[in-house]
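Peer 1: Take this structure, written in structure tokens, and hold onto it; I'll ask about it next.
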Amino acid sequence: MLGNDYESQSCSIAGALEVVGERWSLLIVRDILLGLRRFDELQAHLGIARNVLQTRLERLQEHDVIERVPYQQHPLRHEYRLTEKGLDLWPTIVALMKWGDRYAAPEGGPAVLIEHRGCGGSVDEHRICERCGAKLKARDAVGRPGPGASPNHPLLRQAEHTQAA
Ligand SMILES: [Zn+2]
């Protein structure tokens, strides 16, 4: 029988895919890294059914990849943040992104570029800043809209907010 899991595979890659291998799961992690933290923001950007998003978020919480944190008391509202375990997926996301930039980028180029926060240098596939040479962690990096970003990409909207503020 072909199941939904890889339990018969004694391999760490299979184990990791058990946690983040479902359709959308890594894209949810990506979006939270990019700064989308609220259910409605994630739903709007991913364009998936609310129940599917809900199921994926719950599964990522069960695996302690993300946590649900209140950001407002009246009325009570929650947002999603990556745990340390979730932040440890950042190297994987960067590696996948760089592979995608090379072999599967959208027409017009990458939608997102990774930058060293506060430095502005671009980040290579080894997570090293090409300007200052620092080896970066997730919190040192920030996503910027790339040449292939669609006009409604959330990073472009964030940039507008920043300029308006
Ligand atoms: Zn730098």
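By convention here, the chains of the structure tokens are called A, B, ... in the order presented, each chain's residues are numbered starting at 1, and ligands are numbered starting at 1 in the order presented.
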Find the spatial neighbours of stretch 66-73 of chain A, counting only C-alpha atoms, within a cut-off of 12 Å - ignore same-chain residues fewer than 4 positions away - and output them as a PDB file with C-alpha atoms, in the first residue's frame.

Peer 2:
ATOM      1  CA  VAL A  19       7.513  17.209   8.717  1.00  0.00           C
ATOM      2  CA  VAL A  20       7.772  19.625   5.785  1.00  0.00           C
ATOM      3  CA  SER A  25       4.362  23.290   4.090  1.00  0.00           C
ATOM      4  CA  LEU A  26       7.740  24.680   2.985  1.00  0.00           C
ATOM      5  CA  ILE A  28       4.330  28.462   4.525  1.00  0.00           C
ATOM      6  CA  VAL A  29       7.738  28.404   6.228  1.00  0.00           C
ATOM      7  CA  ARG A  30       9.111  30.566   3.401  1.00  0.00           C
ATOM      8  CA  ASP A  31       6.319  33.114   3.792  1.00  0.00           C
ATOM      9  CA  ILE A  32       6.758  33.356   7.547  1.00  0.00           C
ATOM     10  CA  LEU A  33      10.483  33.936   6.942  1.00  0.00           C
ATOM     11  CA  ARG A  37       2.699  36.015   9.983  1.00  0.00           C
ATOM     12  CA  ARG A  38      -1.063  36.317  10.044  1.00  0.00           C
ATOM     13  CA  PHE A  39      -3.470  33.725   8.765  1.00  0.00           C
ATOM     14  CA  GLN A  54      -5.341  25.557   8.719  1.00  0.00           C
ATOM     15  CA  ARG A  56      -0.845  22.624   7.401  1.00  0.00           C
ATOM     16  CA  LEU A  57      -0.368  25.227  10.136  1.00  0.00           C
ATOM     17  CA  GLU A  58      -1.632  22.794  12.768  1.00  0.00           C
ATOM     18  CA  ARG A  59       0.707  20.092  11.527  1.00  0.00           C
ATOM     19  CA  LEU A  60       3.698  22.456  11.582  1.00  0.00           C
ATOM     20  CA  GLN A  61       2.715  23.434  15.144  1.00  0.00           C
ATOM     21  CA  GLU A  62       2.469  19.770  16.168  1.00  0.00           C
ATOM     22  CA  ARG A  77      -5.510  37.855  17.631  1.00  0.00           C
ATOM     23  CA  HIS A  78      -2.687  35.452  16.879  1.00  0.00           C
ATOM     24  CA  GLU A  79       0.178  35.296  14.455  1.00  0.00           C
ATOM     25  CA  TYR A  80       2.556  32.517  13.498  1.00  0.00           C
ATOM     26  CA  ARG A  81       6.262  32.577  14.198  1.00  0.00           C
ATOM     27  CA  LEU A  82       9.036  30.126  13.512  1.00  0.00           C
ATOM     28  CA  THR A  83      10.520  28.294  16.473  1.00  0.00           C
ATOM     29  CA  GLU A  84      14.264  27.686  16.637  1.00  0.00           C
ATOM     30  CA  LYS A  85      13.555  24.347  14.967  1.00  0.00           C
ATOM     31  CA  GLY A  86      11.696  26.209  12.226  1.00  0.00           C
ATOM     32  CA  LEU A  87      14.431  28.825  11.819  1.00  0.00           C
ATOM     33  CA  ASP A  88      16.841  25.940  11.320  1.00  0.00           C
ATOM     34  CA  LEU A  89      15.061  25.296   8.011  1.00  0.00           C
TER      35      LEU A  89
END

Peer 1: Taking only C-alpha atoms and all ligand atoms and a cut-off of 12 Å, can you tell me which residues surround ligand 1, written as a PyMOL selection string?

Peer 2: chain A and resi 114-124+127-137+140-142

Peer 1: Mind dumping the selected residues with C-alpha atoms as a compact mmCIF listing (two decimals), in the first residue's frame?

Peer 2:
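Dumped everything to again_16.txt:
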# COMPACT_ATOMS: atom_id res chain seq x y z
CA ILE A 114 18.15 37.59 0.01
CA GLU A 115 20.11 40.42 1.53
CA HIS A 116 22.32 40.79 4.61
CA ARG A 117 20.18 42.87 6.96
CA GLY A 118 21.69 46.29 7.60
CA CYS A 119 24.57 45.63 5.18
CA GLY A 120 22.74 45.24 1.88
CA GLY A 121 25.10 42.60 0.50
CA SER A 122 23.55 39.72 -1.41
CA VAL A 123 23.72 36.25 0.06
CA ASP A 124 25.22 33.30 -1.80
CA ARG A 127 24.73 31.82 3.19
CA ILE A 128 27.76 34.07 3.06
CA CYS A 129 27.33 37.79 2.44
CA GLU A 130 29.03 38.67 -0.83
CA ARG A 131 29.78 42.21 0.40
CA CYS A 132 31.22 41.72 3.90
CA GLY A 133 31.94 37.98 3.96
CA ALA A 134 29.86 37.27 7.09
CA LYS A 135 28.32 33.83 7.47
CA LEU A 136 24.65 34.54 8.04
CA LYS A 137 21.85 33.04 10.10
CA ASP A 140 20.66 38.27 9.74
CA ALA A 141 18.90 38.06 6.40
CA VAL A 142 16.02 39.90 4.83

Peer 1: Could you give me the residues within stretch 8-148 of chain A that DSSP places in helix (DSSP H, G or I), as a ChimeraX atom specification?

Peer 2: /A:12-20,25-33,39-46,50-62,84-87,90-103,138-140
